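Chemist: Quick one, my_file_9.cif (mmCIF, C-alpha atoms):
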```
data_target
loop_
_atom_site.group_PDB
_atom_site.id
_atom_site.type_symbol
_atom_site.label_atom_id
_atom_site.label_comp_id
_atom_site.auth_asym_id
_atom_site.auth_seq_id
_atom_site.Cartn_x
_atom_site.Cartn_y
_atom_site.Cartn_z
ATOM 1 C CA MET J 1 24.358 -11.238 5.002
ATOM 2 C CA ALA J 2 25.070 -7.597 5.908
ATOM 3 C CA ASP J 3 25.800 -6.783 2.248
ATOM 4 C CA ILE J 4 22.602 -8.514 1.123
ATOM 5 C CA LYS J 5 20.538 -6.618 3.718
ATOM 6 C CA ALA J 6 22.106 -3.350 2.556
ATOM 7 C CA GLN J 7 21.253 -4.187 -1.076
ATOM 8 C CA PHE J 8 17.708 -5.060 0.030
ATOM 9 C CA MET J 9 17.367 -1.604 1.636
ATOM 10 C CA ARG J 10 18.528 0.025 -1.631
ATOM 11 C CA THR J 11 15.876 -1.768 -3.703
ATOM 12 C CA PRO J 12 13.794 0.790 -5.647
ATOM 13 C CA TRP J 13 10.374 -0.217 -4.283
ATOM 14 C CA ALA J 14 7.125 0.238 -6.166
ATOM 15 C CA LYS J 15 5.029 2.835 -4.373
ATOM 16 C CA PRO J 16 1.577 1.768 -3.243
ATOM 17 C CA GLN J 17 -0.995 4.327 -4.401
ATOM 18 C CA ILE J 18 -4.472 4.338 -2.964
ATOM 19 C CA SER J 19 -7.750 4.861 -4.782
ATOM 20 C CA SER J 20 -11.176 5.242 -3.255
ATOM 21 C CA GLN J 21 -14.796 4.646 -4.080
ATOM 22 C CA PRO J 22 -17.059 6.582 -4.479
ATOM 23 C CA ALA J 23 -14.932 7.652 -7.431
ATOM 24 C CA GLY J 24 -13.210 11.004 -7.685
ATOM 25 C CA ASN J 25 -11.701 10.900 -4.171
ATOM 26 C CA THR J 26 -14.852 12.506 -2.773
ATOM 27 C CA THR J 27 -17.173 10.921 -0.228
ATOM 28 C CA LEU J 28 -19.790 11.882 2.346
ATOM 29 C CA VAL J 29 -19.843 11.998 6.125
ATOM 30 C CA ASN J 30 -21.168 8.651 7.485
ATOM 31 C CA LEU J 31 -20.922 6.921 4.079
ATOM 32 C CA THR J 32 -18.805 3.796 3.762
ATOM 33 C CA THR J 33 -15.775 4.558 1.596
ATOM 34 C CA PHE J 34 -13.912 1.679 -0.063
ATOM 35 C CA TYR J 35 -10.141 1.694 -0.613
ATOM 36 C CA LYS J 36 -7.874 -0.196 -2.984
ATOM 37 C CA VAL J 37 -4.089 -0.345 -3.473
ATOM 38 C CA ASN J 38 -2.570 0.053 -6.940
ATOM 39 C CA TRP J 39 1.169 -0.273 -7.598
ATOM 40 C CA THR J 40 3.103 2.439 -9.417
ATOM 41 C CA PRO J 41 4.789 1.135 -12.583
ATOM 42 C CA ALA J 42 8.232 2.269 -11.370
ATOM 43 C CA GLY J 43 10.082 0.148 -8.836
ATOM 44 C CA PHE J 44 9.675 -3.438 -7.700
ATOM 45 C CA ALA J 45 6.338 -4.781 -6.435
ATOM 46 C CA PRO J 46 5.918 -8.107 -4.609
ATOM 47 C CA GLY J 47 6.938 -11.047 -6.780
ATOM 48 C CA GLU J 48 9.052 -9.005 -9.196
ATOM 49 C CA VAL J 49 12.823 -9.545 -9.200
ATOM 50 C CA ASP J 50 15.526 -6.891 -8.802
ATOM 51 C CA ARG J 51 18.812 -8.071 -10.352
ATOM 52 C CA SER J 52 22.158 -6.584 -9.425
ATOM 53 C CA VAL J 53 25.788 -7.527 -8.841
ATOM 54 C CA LEU J 54 27.239 -7.467 -5.359
ATOM 55 C CA ARG J 55 31.011 -7.949 -4.944
ATOM 56 C CA GLY J 56 31.126 -9.509 -8.391
ATOM 57 C CA ILE J 57 28.324 -12.014 -7.665
ATOM 58 C CA PRO J 58 24.912 -11.797 -9.402
ATOM 59 C CA VAL J 59 22.216 -11.208 -6.781
ATOM 60 C CA ARG J 60 18.466 -11.447 -7.225
ATOM 61 C CA ILE J 61 16.139 -9.872 -4.676
ATOM 62 C CA ARG J 62 12.448 -10.780 -4.847
ATOM 63 C CA PRO J 63 10.252 -8.499 -2.706
ATOM 64 C CA LYS J 64 7.306 -10.020 -0.850
ATOM 65 C CA LEU J 65 4.436 -8.330 0.911
ATOM 66 C CA VAL J 66 4.482 -8.466 4.702
ATOM 67 C CA GLY J 67 1.541 -6.094 5.143
ATOM 68 C CA PHE J 68 -0.239 -2.830 4.445
ATOM 69 C CA THR J 69 -1.278 -0.198 6.960
ATOM 70 C CA TYR J 70 -3.969 2.113 5.611
ATOM 71 C CA VAL J 71 -3.806 5.651 7.013
ATOM 72 C CA PHE J 72 -7.133 7.455 6.529
ATOM 73 C CA GLY J 73 -5.971 10.979 7.448
ATOM 74 C CA ASP J 74 -8.457 11.503 10.274
ATOM 75 C CA GLY J 75 -6.380 9.713 12.910
ATOM 76 C CA SER J 76 -7.737 6.265 11.999
ATOM 77 C CA THR J 77 -5.709 3.414 10.532
ATOM 78 C CA TYR J 78 -6.404 -0.142 9.402
ATOM 79 C CA GLY J 79 -3.853 -2.911 9.461
ATOM 80 C CA PRO J 80 -1.485 -4.434 9.197
ATOM 81 C CA THR J 81 -3.266 -6.525 6.600
ATOM 82 C CA THR J 82 -2.269 -8.272 3.393
ATOM 83 C CA SER J 83 -5.476 -7.134 1.669
ATOM 84 C CA THR J 84 -5.178 -4.797 -1.312
ATOM 85 C CA GLY J 85 -8.777 -3.743 -0.656
ATOM 86 C CA GLY J 86 -11.296 -3.455 -3.425
ATOM 87 C CA VAL J 87 -14.431 -1.772 -4.683
ATOM 88 C CA TYR J 88 -18.096 -1.855 -3.704
ATOM 89 C CA PRO J 89 -19.697 -4.168 -2.665
ATOM 90 C CA ASP J 90 -16.950 -6.733 -2.005
ATOM 91 C CA GLY J 91 -14.001 -4.553 -0.977
ATOM 92 C CA ASP J 92 -12.809 -5.379 2.499
ATOM 93 C CA VAL J 93 -10.872 -2.176 3.297
ATOM 94 C CA LYS J 94 -13.387 0.500 4.155
ATOM 95 C CA HIS J 95 -13.696 3.526 6.371
ATOM 96 C CA ILE J 96 -16.448 5.866 7.540
ATOM 97 C CA TYR J 97 -15.563 9.518 8.092
ATOM 98 C CA ARG J 98 -17.467 11.232 10.896
ATOM 99 C CA ALA J 99 -16.607 14.829 9.947
ATOM 100 C CA LYS J 100 -16.261 16.816 6.751
ATOM 101 C CA GLY J 101 -12.898 18.018 5.500
ATOM 102 C CA GLU J 102 -9.987 17.095 3.294
ATOM 103 C CA PHE J 103 -7.915 14.140 4.453
ATOM 104 C CA PRO J 104 -4.484 12.937 3.241
ATOM 105 C CA VAL J 105 -4.974 9.179 2.747
ATOM 106 C CA ARG J 106 -2.055 6.828 2.132
ATOM 107 C CA VAL J 107 -1.003 3.224 2.552
ATOM 108 C CA ASN J 108 2.296 2.190 4.093
ATOM 109 C CA THR J 109 3.696 -1.086 2.795
ATOM 110 C CA THR J 110 6.029 -3.367 4.704
ATOM 111 C CA PHE J 111 8.182 -5.481 2.418
ATOM 112 C CA GLY J 112 10.254 -8.534 3.160
ATOM 113 C CA ALA J 113 12.268 -10.304 0.491
ATOM 114 C CA ASP J 114 13.981 -13.453 -0.633
ATOM 115 C CA PHE J 115 17.404 -13.490 -2.276
ATOM 116 C CA SER J 116 19.379 -15.728 -4.574
ATOM 117 C CA LEU J 117 23.142 -15.616 -5.141
ATOM 118 C CA ASP J 118 24.359 -16.555 -8.601
ATOM 119 C CA GLY J 119 21.192 -18.558 -9.407
ATOM 120 C CA THR J 120 21.083 -20.594 -6.186
ATOM 121 C CA ALA J 121 17.821 -21.455 -4.421
ATOM 122 C CA TRP J 122 15.842 -18.608 -2.880
ATOM 123 C CA ASP J 123 16.440 -17.843 0.809
ATOM 124 C CA GLU J 124 14.754 -15.308 3.087
ATOM 125 C CA ILE J 125 16.352 -12.003 4.042
ATOM 126 C CA PRO J 126 15.806 -11.593 7.805
ATOM 127 C CA SER J 127 14.740 -7.963 7.557
ATOM 128 C CA THR J 128 11.814 -5.778 6.515
ATOM 129 C CA VAL J 129 11.394 -2.244 5.231
ATOM 130 C CA THR J 130 8.293 -0.029 5.378
ATOM 131 C CA VAL J 131 7.645 2.198 2.367
ATOM 132 C CA PRO J 132 5.115 5.035 2.755
ATOM 133 C CA GLY J 133 2.877 5.562 -0.241
ATOM 134 C CA PRO J 134 2.117 9.015 -1.596
ATOM 135 C CA ALA J 135 -0.842 10.777 -0.007
ATOM 136 C CA THR J 136 -4.101 11.124 -1.918
ATOM 137 C CA ALA J 137 -6.395 13.945 -0.816
ATOM 138 C CA VAL J 138 -9.899 12.637 -0.083
ATOM 139 C CA THR J 139 -12.602 15.261 0.295
ATOM 140 C CA VAL J 140 -15.416 14.447 2.717
ATOM 141 C CA ARG J 141 -18.579 16.492 2.260
ATOM 142 C CA GLU J 142 -21.705 16.731 4.331
ATOM 143 C CA ALA J 143 -25.102 16.163 2.748
ATOM 144 C CA LYS J 144 -28.336 17.336 4.292
ATOM 145 C CA GLY J 145 -31.705 15.971 3.359
ATOM 146 C CA VAL J 146 -34.411 18.461 2.456
ATOM 147 C CA LEU J 147 -38.113 17.613 2.312
ATOM 148 C CA VAL J 148 -40.181 19.466 -0.261
ATOM 149 C CA SER J 149 -43.852 19.380 -0.952
ATOM 150 C CA ARG J 150 -45.304 19.481 -4.405
#
```
Any chance you could give the structure as structure tokens?

Modeler:
Amino acid sequence: MADIKAQFMRTPWAKPQISSQPAGNTTLVNLTTFYKVNWTPAGFAPGEVDRSVLRGIPVRIRPKLVGFTYVFGDGSTYGPTTSTGGVYPDGDVKHIYRAKGEFPVRVNTTFGADFSLDGTAWDEIPSTVTVPGPATAVTVREAKGVLVSR
């Protein structure tokens, strides 16, 4: 099992990238901002299978999602959750910034995995790994209402 755990830790994981709405990674103070996870094409995302050979035996490792932790850059986090978020109006991962600025937003993903030796039935690896996603800069601006007369 130690060799399988070590192989699991060497798995080239897909990186979870975060996108936000309103679009363009720009939002306003006190406006609800929606977040969504997208997987990078490189690496292995949940459900995909990494195939290798360990001590001459074919090994398959199938990552599975344990949870996401969203890090909003202003000291706030959300999670762990298995939600990939979404867009307005139905997205369930959202955040309200209370101050203007530029915030490094990311999502950390905790993976577990199942393994199969030489085509045998899948069995769980009793370990997890947390992979930090790359930061996305979200700019928070402040809007002020102005009344004008005609």

Chemist: Could you expand the PyMOL selection byres ((chain J and resi 99-112) around 7) into the explicit residues it covers here, written as a count of residues only?

Modeler: 34

Chemist: Set the distance at 10 Å and use all atoms listed in the file: which residues neighbour Asp92 of chain J once local chain neighbours fewer than 6 positions away are removed? I'd like the list as a list in words.

Modeler: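 Contacts, in chain order: Phe34, Tyr35, Lys36, Ser83, Thr84, Gly85 and Gly86 of chain J.
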
Chemist: Write a file of the just-selected residues containing C-alpha atoms, as a compact mmCIF listing (two decimals), keeping the file's coordinate frame.

Modeler:
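Below you can see part.txt, which holds the result:
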```txt
# COMPACT_ATOMS: atom_id res chain seq x y z
CA PHE J 34 -13.91 1.68 -0.06
CA TYR J 35 -10.14 1.69 -0.61
CA LYS J 36 -7.87 -0.20 -2.98
CA SER J 83 -5.48 -7.13 1.67
CA THR J 84 -5.18 -4.80 -1.31
CA GLY J 85 -8.78 -3.74 -0.66
CA GLY J 86 -11.30 -3.46 -3.42
```

Chemist: Report as JSON lines: every residue of segment 38-145 of chain J with an atom at most 12 Å from segment 2-12 of chain J, its closest pair of atoms, and their distance in Å to one decimal, counting only C-alpha atoms, with rows sorted by chain and ascending residue number.

Modeler:
```
{"residue": "J:Thr40", "atom": "CA", "partner": "J:Pro12", "partner_atom": "CA", "distance": 11.5}
{"residue": "J:Pro41", "atom": "CA", "partner": "J:Pro12", "partner_atom": "CA", "distance": 11.4}
{"residue": "J:Ala42", "atom": "CA", "partner": "J:Pro12", "partner_atom": "CA", "distance": 8.1}
{"residue": "J:Gly43", "atom": "CA", "partner": "J:Pro12", "partner_atom": "CA", "distance": 4.9}
{"residue": "J:Phe44", "atom": "CA", "partner": "J:Pro12", "partner_atom": "CA", "distance": 6.2}
{"residue": "J:Ala45", "atom": "CA", "partner": "J:Pro12", "partner_atom": "CA", "distance": 9.3}
{"residue": "J:Pro46", "atom": "CA", "partner": "J:Thr11", "partner_atom": "CA", "distance": 11.8}
{"residue": "J:Glu48", "atom": "CA", "partner": "J:Thr11", "partner_atom": "CA", "distance": 11.4}
{"residue": "J:Val49", "atom": "CA", "partner": "J:Thr11", "partner_atom": "CA", "distance": 10.0}
{"residue": "J:Asp50", "atom": "CA", "partner": "J:Thr11", "partner_atom": "CA", "distance": 7.2}
{"residue": "J:Arg51", "atom": "CA", "partner": "J:Thr11", "partner_atom": "CA", "distance": 9.6}
{"residue": "J:Ser52", "atom": "CA", "partner": "J:Gln7", "partner_atom": "CA", "distance": 8.7}
{"residue": "J:Val53", "atom": "CA", "partner": "J:Gln7", "partner_atom": "CA", "distance": 9.6}
{"residue": "J:Leu54", "atom": "CA", "partner": "J:Asp3", "partner_atom": "CA", "distance": 7.8}
{"residue": "J:Arg55", "atom": "CA", "partner": "J:Asp3", "partner_atom": "CA", "distance": 9.0}
{"residue": "J:Ile57", "atom": "CA", "partner": "J:Ile4", "partner_atom": "CA", "distance": 11.1}
{"residue": "J:Pro58", "atom": "CA", "partner": "J:Ile4", "partner_atom": "CA", "distance": 11.3}
{"residue": "J:Val59", "atom": "CA", "partner": "J:Ile4", "partner_atom": "CA", "distance": 8.4}
{"residue": "J:Arg60", "atom": "CA", "partner": "J:Phe8", "partner_atom": "CA", "distance": 9.7}
{"residue": "J:Ile61", "atom": "CA", "partner": "J:Phe8", "partner_atom": "CA", "distance": 6.9}
{"residue": "J:Arg62", "atom": "CA", "partner": "J:Phe8", "partner_atom": "CA", "distance": 9.2}
{"residue": "J:Pro63", "atom": "CA", "partner": "J:Phe8", "partner_atom": "CA", "distance": 8.7}
{"residue": "J:Lys64", "atom": "CA", "partner": "J:Phe8", "partner_atom": "CA", "distance": 11.6}
{"residue": "J:Thr110", "atom": "CA", "partner": "J:Met9", "partner_atom": "CA", "distance": 11.9}
{"residue": "J:Phe111", "atom": "CA", "partner": "J:Phe8", "partner_atom": "CA", "distance": 9.8}
{"residue": "J:Gly112", "atom": "CA", "partner": "J:Phe8", "partner_atom": "CA", "distance": 8.8}
{"residue": "J:Ala113", "atom": "CA", "partner": "J:Phe8", "partner_atom": "CA", "distance": 7.6}
{"residue": "J:Asp114", "atom": "CA", "partner": "J:Phe8", "partner_atom": "CA", "distance": 9.2}
{"residue": "J:Phe115", "atom": "CA", "partner": "J:Ile4", "partner_atom": "CA", "distance": 8.0}
{"residue": "J:Ser116", "atom": "CA", "partner": "J:Ile4", "partner_atom": "CA", "distance": 9.7}
{"residue": "J:Leu117", "atom": "CA", "partner": "J:Ile4", "partner_atom": "CA", "distance": 9.5}
{"residue": "J:Asp123", "atom": "CA", "partner": "J:Ile4", "partner_atom": "CA", "distance": 11.2}
{"residue": "J:Glu124", "atom": "CA", "partner": "J:Lys5", "partner_atom": "CA", "distance": 10.5}
{"residue": "J:Ile125", "atom": "CA", "partner": "J:Lys5", "partner_atom": "CA", "distance": 6.8}
{"residue": "J:Pro126", "atom": "CA", "partner": "J:Lys5", "partner_atom": "CA", "distance": 8.0}
{"residue": "J:Ser127", "atom": "CA", "partner": "J:Lys5", "partner_atom": "CA", "distance": 7.1}
{"residue": "J:Thr128", "atom": "CA", "partner": "J:Met9", "partner_atom": "CA", "distance": 8.5}
{"residue": "J:Val129", "atom": "CA", "partner": "J:Met9", "partner_atom": "CA", "distance": 7.0}
{"residue": "J:Thr130", "atom": "CA", "partner": "J:Met9", "partner_atom": "CA", "distance": 9.9}
{"residue": "J:Val131", "atom": "CA", "partner": "J:Pro12", "partner_atom": "CA", "distance": 10.2}
```

Chemist: I'd like the interatomic distance between atom CA of Thr82 of chain J and atom CA of Trp122 of chain J, to a tenth of an Å.

Modeler: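 Separating atom CA of Thr82 of chain J from atom CA of Trp122 of chain J is a distance of 21.8 Å.
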
Chemist: Near Gln21 of chain J, counting only C-alpha atoms, which residues have an atom at most 8 Å away, once you skip same-chain residues fewer than 2 positions from it, shown as number ranges by chain?

Modeler: J: 19, 23-27, 33-35, 87-88

Chemist: Counting all atoms listed in the file, figure out which residue out of J:Met1, J:Val93, J:Gly47, J:Arg150 gets nearest to Ser20 of chain J.

Modeler: J:Val93

Chemist: Would you compute the distance between atom CA of Lys144 of chain J and atom CA of Gly91 of chain J? Give it in Å to one decimal.

Modeler: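 Calculated distance between atom CA of Lys144 of chain J and atom CA of Gly91 of chain J is 26.7 Å.
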
Chemist: What's the separation between atom CA of Thr77 of chain J and atom CA of Val37 of chain J, in Å to one decimal place?

Modeler: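 A separation of 14.6 Å between them.
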
Chemist: Could you give me the centre and size, in Å to one decimal, of an axis-aligned box around all listed atoms of segment 56-75 of chain J with 4 Å added on every side, as AutoDock Vina command-line options?

Modeler:
```
--center_x 11.3 --center_y -0.3 --center_z 1.8 --size_x 47.6 --size_y 31.5 --size_z 30.3
```
